[in-house]
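Colleague: To start, I am sharing the structure in question, which I have written as structure tokens.
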Amino acid sequence: MLEIEFGGCQTNCEGVRRRDFLKVGALTGLGLSLPDLLRLEAGAPSKERRREISCILLWLNGGPSHLDTFDPKPDAPAEIRGEFGTIPTAIPGVRFCEHLPRLARQLDKFSILRSVTSPENGHERATHYLLTGYKFNLALEYPSYGSVVTRELGSQGEMPAYVLMGSYPFGYGGAGYMGGAYNPFSLDGNPSQANFRVHDLTPPGGVTLERIRRRKNLLESIDAFHQRFDASAVRDMDAFYDRAYDLVTSPRAKRAFDLALEPQKVRERYGSTSFGQSCLLARRLIEGGVRFVTINLGGWDTHQDNFSSLKGHRLPELDLGYSALLEDLAARDLLESTLVICMGEFGRPPTVNPSAGRDHWAQAMTVCLGGGGVKTGLVIGETNERAEEPKERPIRVEDVAATIYNALGIPCGKEYRTPQNRPVKINYDGQAVAEVL
Amino acid sequence: MRVLKIHLGALLCLPWLAWTFSSAAEPSPPVWMEVFPGSIQIHGPQDFQRLVVMGVSEKGKTADLTAAATFTLDDPKIARIEPLASEGGRPAVFPQADGETRLKVALKSAAAGDRSLEVPIRVQGLSNPQPPRFAHDVVAALTRLGCNSGSCHGSQYGKGGFKLSLLGYEPDEDLVAIGREAGARRVVPIDPPRSLILLKPALAVPHGGGKRLDPNSREYRTLASWIEAGVPGPPSSGNSQVESVRVFPEAMLLQPGEKQGLLVLARLSSGQEEDVTGKALLASLNDGVAAVDLAANGVAANGPGETAVMVRYQGQATVARVTVPYRDLSSEAVAFPANNFIDSLVAKKWITLGLVPSDRCTDAEFIRRVYIDAIGTQPAVEESAAFLSDPAPDKREKLIDRVLDRPEYVDYWALKWGDILRINRANLGEKGMWSFYNWVRAALRENRPLDQMVTELITAQGSTFTTGPANYFRIAQTPNDLAETTCQVFLGIRMQCAQCHHHPFEKWTQDDYFGMAAYFARLGLKGSSEFGLYGDERVVFVKKGGEVSHPKTGKALVPKPLEAAPADDPADRRRALARWLAAKDNQLFARNFANRFWGYLMGRGLVEPVDDVRVTNPPSNPELLEALAGEFSRGGFNQKELMRTILRSCAYQLSSWPVEWNRGDDTFYSHYLVRRLPAEVLLDAAVAATGVPESFSGLPKGTRAIQLPDADFNSYLLKTFGKPKREITCECERVGLPNMAQALHLMNGDFIQSRLISSSGRVARLLKENKSDEEIIREFYLATVCRLPAENEVHNARSFIQAAPSRKEGVEDVLWSLCNAKEFLFNH
């Protein structure tokens with residue numbers, strides 16, 4: 001049997017595309033000949049130059065219970081399905097947890113992968129895996145998606161390419177072996193608070209923009225008198241000073257980072273929580289030219305009081321912020337160019353422990369993807385009746401990573417070198433989830 | 001195996017005229033001819049032996065003369081010479097019949113007539129041909145084809161249901177996978193071409209890895225005849241293990257564009273030597289200098305510098321060195337003064353590479369540099385001024401001695417040791433952290449010899465509160481973790497890979513890994529009641545029993561140091577480890593610390609990264625590393641003396657400003673390597689320049705950042721500038737790279753600004769003392785970049801102050817600019 005290559009960037013180990021080998025035998029059944037197929041490939045939409053896709057990653061740190069969010073099992077016994085009821089969604093036959101009503105109505109704006117499965121049950125290892133697409137490796141930390149995007153696409157104007165809101169999840173989310181230059185611009189603090197400000201973006205008290213300009217001129221003249229350096233680190237630092245200066249003095253950046261410019265109604269729509277306002281800030285940053293924003297939302301490691309903590313805080317704020325983000329991006333015609341991902345490092349088990357909590361469960365989890373040109377309203381894969389493992393269509397974490405890179409137009413098969421000169425591909429062994437692309 | 005060498009006598013004609021360097025006044029003719037191998041053994045009809053002929057000039061320039069040489073066999077019935085078309089026509093000796101003969105290798109020499117060498121040849125095994133061997137031929141072919149690489153079937157989970165061991169390190173497992181699994185469809189002895197192992201890589205049936213195998217290739221024939229022979233496994237007798245692998249030439253000196261064929265020989269435990277050039281993995285560590293041409297089994301020089309070509313075969317590794325000089329080797333040698341042995345060895349390398357060193361740095365550069373590198377501290381305004389005006393010719397030596405005796409020496413190197421040993425309260429609790437840190441400080445204060453320090457550390461037991469070094473066993477706790485930490489810290493060797501599989505770039509096996517881990521198998525950690533149940537005190541003690549077993553065989557391993565015979569101690573295994581580790585003749589130990597301190601002071605280790613010592617990451621100047629290590633161990637492992645030796649060298653005192661013939665060099669110390677100040681040093685320098693201290697919670701006012709006992713202090717500046725959290729045993733945890741957050745924080749953050757306007761700061765004091773603009777500017781320069789400003793610099797700053805909206809603002813801005821100046825942020 002003859003097989004030929006077709007399609008996008010689903011690279012396997014040798015840079016040869018695998019899943020998209022199409023069997024000609026099957027195609028001839030559809031009346032397609034090989035030349036037809038080649039013509040089809042030449043004109044395939046995936047080969048067209050798309051507009052650049054930005055990305056917002058909503059990271060649910062600690063591992064959200066898939067059973068109590070996007071993969072409820074209303075027909076399972078009470079000790080499995082838990083305390084929550086379910087509600088219909090925008091897609092007939094698909095149900096979400098009852099505490100995600102807004103997201104349920106928005107399912108036409110995203111798709112869910114319900115059969116994602118991983119062997120990593122510990123937070124650190126699992127976080128590294130989900131944030132990089134690579135299994136944890138003691139000798140090497142791999143770069144996160146945002147850092148790869150930074151390296152591949154660079155920054156737009158004075159805006160940083162990659163912004164992280166909240167702390168690094170278990171230390172990951174950075175550039176790993178690629179080095180500090182590709183780390184995110186990290187924002188501390190709670191954007192829902194009145195005194196929130198981005199570190200060092202606003203000049204310290206009493207210093208005007210005019211004075212910053214004067215200082216910069218003086219600094220340049222002082223540096224110029226003593227140009228006795230010829231080292232890349234010095235040139236890099238110079239470039240970072242220029243970028244920092246541009247950022248500080250840029251009206252666009254100032255506006256992008258300034259939540260006060262949003263109408264009160266919009267701010268309320270996102271919710272008055274740190275997460276909600278981070279989502280709003282993320283939208284502003286994407287509009288301003290940032291390519292990749294990660295929002296780290298903690299509190300999902302519900303070993304105790306799973307139901308009360310989810311119902312009381314996590315689910316309402318997720319529902320409000322995430323749905324507002326999708327709605328707002330769509331209204332501004334930004335959703336098509338912005339991939340919005342929502343996931344954590346693993347799911348949680350069907351059993352409820354004596355502390356009314358759910359523990360770790362990596363065999364099954366749900367990943368949500370919307371915008372950025374991915375197909376929406378789809379449910380890919382299914383877990384068994386106990387939600388404990390994929391019943392069909394298992395999707396590995398490598399595949400999730402390949403899907404993300406694919407949607408963002410990043411070449412999965414491109415090879416980087418580690419500091420030890422080891423060749424490492426951007427994505428290893430992933431098969432992008434073709435159904436959503 | 002021997003290499004045959006002959007003196008060529010005089011200038012030769014072709015082809016070495018082609019070597020004439022771009023601007024050379026005279027060519028560099030080869031005066032030596034070398035032939036590899038020096039004797040040839042051929043075993044069986046499949047075996048053959050490649051040949052390499054190399055010319056070497058007086059200045060060490062090499063050239064591949066194989067194509068220019070003529071080869072004549074005494075007895076063509078025994079062997080024949082045939083060019084290998086796939087390797088650019090390189091000649092090889094093929095067997096004809098069992099027996100012995102001689103090969104004459106000749107070169108034409110214009111002045112000395114023909115010169116020739118004779119290579120003995122022995123052919124055997126033709127009358128009794130053997131099928132391809134599993135490990136040496138079959139697995140080696142799969143390795144060369146890439147089938148068992150980490151990204152294909154050698155990955156942890158294999159690929160497409162077919163898993164091979166990584167790079168073929170476990171041939172027994174591979175035999176099962178190839179010959180016995182998958183309903184044995186992978187091999188079909190009655191009809192070898194129908195075997196999946198041939199069909200798939202030849203892409204006769206779909207193969208996810210694409211086409212890897214040409215049906216006309218030698219690899220295909222090897223696999224097919226092995227299958228036809230009935231898929232024989234490795235022989236039960238173990239005399240076919242590869243004991244070592246050697247590459248020829250071991251060192252080459254080429255010009256960009258030139259090529260050199262390589263020859264790789266494996267020595268088997270049977271004593272047999274075999275040409276494995278076509279089966280070994282070859283990879284250049286720096287393609288910019290020289291790249292491997294895998295089809296031709298050779299290297300091609302690309303650009304100036306030096307690189308190693310990594311050669312791996314059946315778990316053994318070695319390297320060949322390729323040097324590409326920066327400029328014409330016939331240029332006049334550069335005179336360079338030598339303060340000590342370092343300088344002559346550094347200069348030797350420059351001569352080989354055609355590098356020219358930069359000038360000696362200025363006194364102002366020197367005082368700031370040596371203060372920062374040796375004690376992490378900027379010289380005070382008065383110290384700089386006094387040194388600059390001191391006319392004594394030996395003032396640099398005196399300064400080095402003074403600096404090394406200052407109390408900041410203890411602060412700064414305790415910081416470094418704290419990083420290496422991962423001293424932090426998250427693992428140790430606050431009391432344990434202080435106990436460990438104070439032990440390090442005490443050792444540095446009395447300059448305790450390093451062997452003694454390490455012995456105390458490795459054999460420590462008792463309370464983690466009262467015995468500082470016992471905390472070593474609380475940071476890493478399991479035998480595996482302790483073995484890895486110990487190897488990386490004290491030997492600079494990373495063993496992590498060898499926990500799960502043979503180290504892919506090294507000879508280390510799982511036996512080596514668990515042999516080291518066995519030293520820590522009998523270590524216990526228990527609570528103590530002395531400080532109460534919640535006092536968090538732990539006691540390190542030696543248990544009566546406990547073993548470490550091999551993960552594959554389950555066998556308990558005896559404690560065994562790396563590259564040494566097993567060594568145990570009935571009372572405490574760790575005592576045997578410490579005796580080996582800190583022994584005067586343990587080259588691994590002495591080299592590791594010589595290399596580390598050299599790297600800390602020079603900005604780059606001779607082996608870089610300093611904690612990744614391996615055969616396939618060779619030192620940039622092996623002779624210098626040996627000399628430093630020898631000096632260090634002979635001198636009784638005296639850390640301060642080692643530093644003094646390095647700081648006194650002329651090499652350390654070169655300017656950072658490159659000259660024409662060393663601009664591209666960042667490896668051979670031809671100029672000082674510019675580096676950003678480490679986070680703590682930068683913070684302290686900004687504090688000293690502005691005159692306003694920083695406060696750290698729980699520590700007295702005025703505590704400096706280099707005096708912090710661990711990393712648990714909330715400082716945005718330290719975090720942003722890469723102070724390590726002390727979570728991993730790797731020098732790479734301290735990030736020295738610049739980033740935008742650093743620039744933002746210094747130029748636009750509160751840290752500098754609040755210190756400029758502080759009523760207790762330098763600005764306020766100078767204004768209050770009614771100093772003139774010029775006095776203020778001079779003091780600012782001394783306080784930040786440790787030199788006096790030039791006249792135009794004074795003028796520039798003075799005009800700025802005079803044009804500013806207020807004098808105060810102008811003065812503040814001058815100091816702001818100097819605290820953001822490259823000259824301040826970098827050590828140079």
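Note on naming: chains are A, B, ... as they come in the structure tokens, residues start from 1 per chain, ligands start from 1 in the order shown.
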Dump as an MDAnalysis selection string the residues of chain B that approach chain A to within 6 Å, counting only C-alpha atoms.
Modeller: chainID B and resid 151:152 208:209 657 738:740 743:745 748:750 817 821
Colleague: Excluding range 280-296 of chain B and residues on its chain fewer than 4 positions from it, collect all residues at most 6 Å away from it, counting only C-alpha atoms, and give them as number ranges by chain.
Modeller: B: 87, 276, 300-305, 307-313
Colleague: Would you please work out which residue, of A:Arg314, A:His303, A:Lys414, A:Arg267, is nearest to Gly357 in chain A when using only C-alpha atoms?
Modeller: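 Smallest separation from Gly357 in chain A among the options: A:His303.
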Colleague: Rounded to one decimal place, report the CA of Ala63 in chain B-CA of Gln260 in chain B distance in Å.
Modeller: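 Atom-to-atom, CA of Ala63 in chain B and CA of Gln260 in chain B are spaced 7.0 Å apart.
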Colleague: Which is closest to Leu682 in chain B among B:Ala79, B:Met433, B:Cys819, B:Val542, if we use only C-alpha atoms?
Modeller: B:Cys819
Colleague: Taking only range 94-329 of chain B into account, list the residues labelled strand (DSSP E) by DSSP (computed from the backbone), as a VMD selection string.
Modeller: chain B and resid 94 to 95 99 to 107 115 to 124 242 to 248 251 to 253 259 to 261 263 to 268 273 to 275 281 to 284 290 to 293 298 to 301 305 to 313 316 to 324
Colleague: Would you mind listing what lies within 10 Å of Lys109 in chain A as a list in words, with only C-alpha atoms counted and same-chain residues fewer than 6 positions away left out?
Modeller: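 Non-adjacent residues within range: Ala90, Leu103, Ser323, Leu326, Glu327, Ala330, Leu335, Glu336, Val340, Leu369, Gly370, Gly371, Val374, Lys375, Thr376, Gly377 and Leu378 of chain A.
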Colleague: List the spatial neighbours of Ser435 in chain B as JSON, numbers by chain - criterion: any atom at most 9 Å away, only C-alpha atoms, same-chain residues fewer than 2 positions off excluded.
Modeller: {"B": [430, 431, 432, 433, 437, 438, 439, 440, 464, 465, 466, 467, 468, 469, 471]}
Colleague: With N, CA and C atoms retained, could you export that selection as a PDB file, in the first residue's frame?
Modeller:
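Final output, saved to out_35.pdb:
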ATOM      1  N   GLU B 430      15.783  26.814  60.036  1.00  0.00           N
ATOM      2  CA  GLU B 430      16.665  27.954  60.227  1.00  0.00           C
ATOM      3  C   GLU B 430      17.929  27.576  61.007  1.00  0.00           C
ATOM      4  N   LYS B 431      17.759  26.756  62.028  1.00  0.00           N
ATOM      5  CA  LYS B 431      18.928  26.401  62.841  1.00  0.00           C
ATOM      6  C   LYS B 431      19.936  25.585  62.050  1.00  0.00           C
ATOM      7  N   GLY B 432      19.436  24.595  61.317  1.00  0.00           N
ATOM      8  CA  GLY B 432      20.327  23.760  60.516  1.00  0.00           C
ATOM      9  C   GLY B 432      21.059  24.588  59.480  1.00  0.00           C
ATOM     10  N   MET B 433      20.327  25.524  58.881  1.00  0.00           N
ATOM     11  CA  MET B 433      20.918  26.386  57.856  1.00  0.00           C
ATOM     12  C   MET B 433      22.080  27.181  58.440  1.00  0.00           C
ATOM     13  N   TYR B 437      26.011  26.909  57.462  1.00  0.00           N
ATOM     14  CA  TYR B 437      26.633  28.115  56.918  1.00  0.00           C
ATOM     15  C   TYR B 437      27.824  28.546  57.779  1.00  0.00           C
ATOM     16  N   ASN B 438      27.640  28.498  59.084  1.00  0.00           N
ATOM     17  CA  ASN B 438      28.727  28.946  59.958  1.00  0.00           C
ATOM     18  C   ASN B 438      29.918  28.004  59.906  1.00  0.00           C
ATOM     19  N   TRP B 439      29.647  26.721  59.661  1.00  0.00           N
ATOM     20  CA  TRP B 439      30.762  25.780  59.480  1.00  0.00           C
ATOM     21  C   TRP B 439      31.571  26.149  58.227  1.00  0.00           C
ATOM     22  N   VAL B 440      30.874  26.485  57.165  1.00  0.00           N
ATOM     23  CA  VAL B 440      31.566  26.892  55.932  1.00  0.00           C
ATOM     24  C   VAL B 440      32.391  28.146  56.195  1.00  0.00           C
ATOM     25  N   THR B 464      22.178  17.841  63.308  1.00  0.00           N
ATOM     26  CA  THR B 464      22.282  18.866  62.270  1.00  0.00           C
ATOM     27  C   THR B 464      22.344  20.263  62.876  1.00  0.00           C
ATOM     28  N   PHE B 465      22.045  20.357  64.164  1.00  0.00           N
ATOM     29  CA  PHE B 465      22.124  21.678  64.812  1.00  0.00           C
ATOM     30  C   PHE B 465      23.530  21.974  65.298  1.00  0.00           C
ATOM     31  N   THR B 466      24.220  20.933  65.760  1.00  0.00           N
ATOM     32  CA  THR B 466      25.539  21.192  66.335  1.00  0.00           C
ATOM     33  C   THR B 466      26.676  20.796  65.394  1.00  0.00           C
ATOM     34  N   THR B 467      26.415  19.926  64.426  1.00  0.00           N
ATOM     35  CA  THR B 467      27.442  19.538  63.456  1.00  0.00           C
ATOM     36  C   THR B 467      27.041  20.095  62.101  1.00  0.00           C
ATOM     37  N   GLY B 468      27.628  21.218  61.753  1.00  0.00           N
ATOM     38  CA  GLY B 468      27.234  21.890  60.513  1.00  0.00           C
ATOM     39  C   GLY B 468      27.192  20.981  59.292  1.00  0.00           C
ATOM     40  N   PRO B 469      28.310  20.271  59.010  1.00  0.00           N
ATOM     41  CA  PRO B 469      28.353  19.509  57.759  1.00  0.00           C
ATOM     42  C   PRO B 469      27.351  18.355  57.707  1.00  0.00           C
ATOM     43  N   ASN B 471      24.434  18.541  57.845  1.00  0.00           N
ATOM     44  CA  ASN B 471      23.296  19.008  57.052  1.00  0.00           C
ATOM     45  C   ASN B 471      23.404  18.629  55.576  1.00  0.00           C
TER      46      ASN B 471
END
Colleague: Could you pull the residues within 10 Å of Leu562 in chain B, counting only C-alpha atoms, minus those fewer than 4 positions along the same chain, as a PyMOL selection string?
Modeller: chain B and resi 487+491+508+511-513+515-516+566+580-581+588
Colleague: Would you output that residue set with N, CA and C atoms, as a CSV table (one decimal), in the first residue's frame?
Modeller:
chain,number,residue,atom,x,y,z
B,487,CYS,N,29.1,13.6,43.2
B,487,CYS,CA,29.8,13.6,42.0
B,487,CYS,C,29.9,14.9,41.3
B,491,LEU,N,33.5,16.4,42.0
B,491,LEU,CA,34.2,15.9,40.8
B,491,LEU,C,33.8,16.6,39.6
B,508,TRP,N,30.1,6.2,31.7
B,508,TRP,CA,29.5,5.8,33.0
B,508,TRP,C,28.3,4.9,32.7
B,511,ASP,N,26.2,0.6,36.7
B,511,ASP,CA,27.1,0.0,37.7
B,511,ASP,C,27.9,1.1,38.4
B,512,ASP,N,28.4,2.1,37.6
B,512,ASP,CA,29.1,3.2,38.2
B,512,ASP,C,28.2,4.0,39.1
B,513,TYR,N,27.0,4.3,38.6
B,513,TYR,CA,26.1,5.1,39.4
B,513,TYR,C,25.8,4.5,40.7
B,515,GLY,N,27.3,2.0,42.2
B,515,GLY,CA,28.5,1.8,43.0
B,515,GLY,C,28.8,3.0,43.9
B,516,MET,N,28.5,4.2,43.3
B,516,MET,CA,28.7,5.4,44.1
B,516,MET,C,27.6,5.5,45.1
B,566,PRO,N,36.9,-1.2,43.9
B,566,PRO,CA,36.0,-1.1,45.0
B,566,PRO,C,36.8,-0.8,46.3
B,580,TRP,N,39.2,8.2,49.2
B,580,TRP,CA,39.4,8.2,47.7
B,580,TRP,C,39.2,9.6,47.1
B,581,LEU,N,38.1,10.2,47.6
B,581,LEU,CA,37.7,11.5,47.0
B,581,LEU,C,38.8,12.5,47.2
B,588,LEU,N,40.5,13.6,39.5
B,588,LEU,CA,39.2,14.1,39.2
B,588,LEU,C,38.9,15.2,40.2
Colleague: List the neighbours of range 115-122 of chain B out to 8 Å using only C-alpha atoms; skip same-chain residues closer than 4 positions along the sequence, and give me the result as a list of chain:residue names.
Modeller: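 The residues satisfying every condition are B:Leu4, B:Lys5, B:Ile6, B:Leu8, B:Val35, B:Pro37, B:Gly38, B:Ser39, B:Ile40, B:Gln41, B:Ile42, B:Asp98, B:Gly99, B:Glu100, B:Thr101, B:Arg102, B:Leu103, B:Lys104, B:Val105, B:Ala106, B:Leu107, B:Lys108, B:Ser109.
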Colleague: Would you mind exporting N, CA and C atoms of the selected residues as a tab-separated table (two decimals), in the first residue's frame?
Modeller:
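Output file result_26.tsv follows:
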chain	number	residue	atom	x	y	z
B	4	LEU	N	52.54	4.95	12.38
B	4	LEU	CA	53.86	5.04	11.76
B	4	LEU	C	54.14	6.49	11.39
B	5	LYS	N	55.37	6.89	11.66
B	5	LYS	CA	55.75	8.28	11.41
B	5	LYS	C	57.06	8.31	10.67
B	6	ILE	N	57.20	9.23	9.80
B	6	ILE	CA	58.52	9.39	9.17
B	6	ILE	C	58.77	10.86	8.89
B	8	LEU	N	59.97	13.78	6.70
B	8	LEU	CA	59.97	13.93	5.25
B	8	LEU	C	61.22	14.65	4.73
B	35	VAL	N	51.07	7.57	9.22
B	35	VAL	CA	50.15	6.62	8.59
B	35	VAL	C	49.36	5.91	9.68
B	37	PRO	N	46.31	2.88	10.21
B	37	PRO	CA	46.95	2.42	11.45
B	37	PRO	C	48.37	1.95	11.16
B	38	GLY	N	49.13	1.73	12.21
B	38	GLY	CA	50.52	1.32	12.05
B	38	GLY	C	50.66	-0.16	11.76
B	39	SER	N	49.62	-0.93	12.04
B	39	SER	CA	49.60	-2.33	11.65
B	39	SER	C	48.14	-2.69	11.44
B	40	ILE	N	47.93	-3.67	10.57
B	40	ILE	CA	46.56	-3.96	10.16
B	40	ILE	C	46.22	-5.42	10.45
B	41	GLN	N	45.08	-5.63	11.12
B	41	GLN	CA	44.56	-6.99	11.30
B	41	GLN	C	43.19	-7.03	10.63
B	42	ILE	N	42.96	-8.06	9.84
B	42	ILE	CA	41.64	-8.20	9.22
B	42	ILE	C	41.08	-9.56	9.59
B	98	ASP	N	43.86	-15.78	3.89
B	98	ASP	CA	44.56	-15.77	5.18
B	98	ASP	C	46.06	-15.69	4.93
B	99	GLY	N	46.76	-14.93	5.77
B	99	GLY	CA	48.20	-14.85	5.62
B	99	GLY	C	48.71	-13.48	6.02
B	100	GLU	N	50.01	-13.23	5.76
B	100	GLU	CA	50.60	-11.95	6.15
B	100	GLU	C	51.29	-11.31	4.96
B	101	THR	N	51.28	-9.99	4.95
B	101	THR	CA	51.99	-9.28	3.90
B	101	THR	C	52.31	-7.88	4.42
B	102	ARG	N	52.85	-7.02	3.55
B	102	ARG	CA	53.19	-5.66	3.97
B	102	ARG	C	52.67	-4.66	2.95
B	103	LEU	N	52.30	-3.50	3.49
B	103	LEU	CA	51.78	-2.43	2.64
B	103	LEU	C	52.80	-1.29	2.64
B	104	LYS	N	53.20	-0.84	1.44
B	104	LYS	CA	54.14	0.28	1.36
B	104	LYS	C	53.36	1.55	1.06
B	105	VAL	N	53.52	2.54	1.92
B	105	VAL	CA	52.84	3.83	1.74
B	105	VAL	C	53.91	4.85	1.40
B	106	ALA	N	53.81	5.48	0.22
B	106	ALA	CA	54.88	6.36	-0.21
B	106	ALA	C	54.37	7.75	-0.57
B	107	LEU	N	55.23	8.74	-0.32
B	107	LEU	CA	54.94	10.12	-0.70
B	107	LEU	C	56.13	10.65	-1.50
B	108	LYS	N	55.84	11.50	-2.44
B	108	LYS	CA	56.92	12.10	-3.20
B	108	LYS	C	57.44	13.33	-2.46
B	109	SER	N	58.72	13.43	-2.38
B	109	SER	CA	59.34	14.60	-1.75
B	109	SER	C	60.34	15.18	-2.71
Colleague: Report, in Å to a single decimal, how far apart CA of Ile395 in chain A and CA of Gly347 in chain A are.
Modeller: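 So the answer is 13.7 Å.
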Colleague: Which residues come within 10 Å of His360 in chain A, counting only C-alpha atoms, excluding same-chain residues fewer than 2 positions away, as a VMD selection string?
Modeller: chain A and resid 62 to 65 120 to 123 301 to 303 345 to 349 358 362 to 363
Colleague: Could you pull out all residues of range 321-394 of chain A with a DSSP call of alpha helix (DSSP H) and give them as a list in words?
Modeller: Gly321, Tyr322, Ser323, Ala324, Leu325, Leu326, Glu327, Asp328, Leu329, Ala330 and Ala331 of chain A
Colleague: For the residues selected in the previous step, produce a file with N, CA and C atoms as a tab-separated table (two decimals), in the first residue's frame.
Modeller:
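Output file out_15.tsv follows:
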chain	number	residue	atom	x	y	z
A	321	GLY	N	-14.63	34.90	34.62
A	321	GLY	CA	-13.47	35.46	33.92
A	321	GLY	C	-13.26	34.84	32.54
A	322	TYR	N	-13.30	33.53	32.49
A	322	TYR	CA	-13.03	32.81	31.24
A	322	TYR	C	-14.12	33.13	30.21
A	323	SER	N	-15.37	33.11	30.63
A	323	SER	CA	-16.45	33.36	29.67
A	323	SER	C	-16.42	34.81	29.20
A	324	ALA	N	-16.11	35.73	30.13
A	324	ALA	CA	-16.03	37.14	29.73
A	324	ALA	C	-14.91	37.33	28.70
A	325	LEU	N	-13.81	36.63	28.93
A	325	LEU	CA	-12.67	36.75	28.03
A	325	LEU	C	-13.05	36.29	26.61
A	326	LEU	N	-13.71	35.12	26.53
A	326	LEU	CA	-14.11	34.61	25.22
A	326	LEU	C	-15.08	35.57	24.53
A	327	GLU	N	-16.05	36.03	25.32
A	327	GLU	CA	-17.09	36.90	24.79
A	327	GLU	C	-16.48	38.22	24.29
A	328	ASP	N	-15.61	38.76	25.13
A	328	ASP	CA	-15.01	40.05	24.85
A	328	ASP	C	-14.08	39.96	23.63
A	329	LEU	N	-13.28	38.91	23.58
A	329	LEU	CA	-12.39	38.74	22.43
A	329	LEU	C	-13.20	38.60	21.15
A	330	ALA	N	-14.29	37.83	21.25
A	330	ALA	CA	-15.12	37.63	20.06
A	330	ALA	C	-15.73	38.96	19.62
A	331	ALA	N	-16.23	39.73	20.59
A	331	ALA	CA	-16.87	41.00	20.27
A	331	ALA	C	-15.90	41.97	19.61
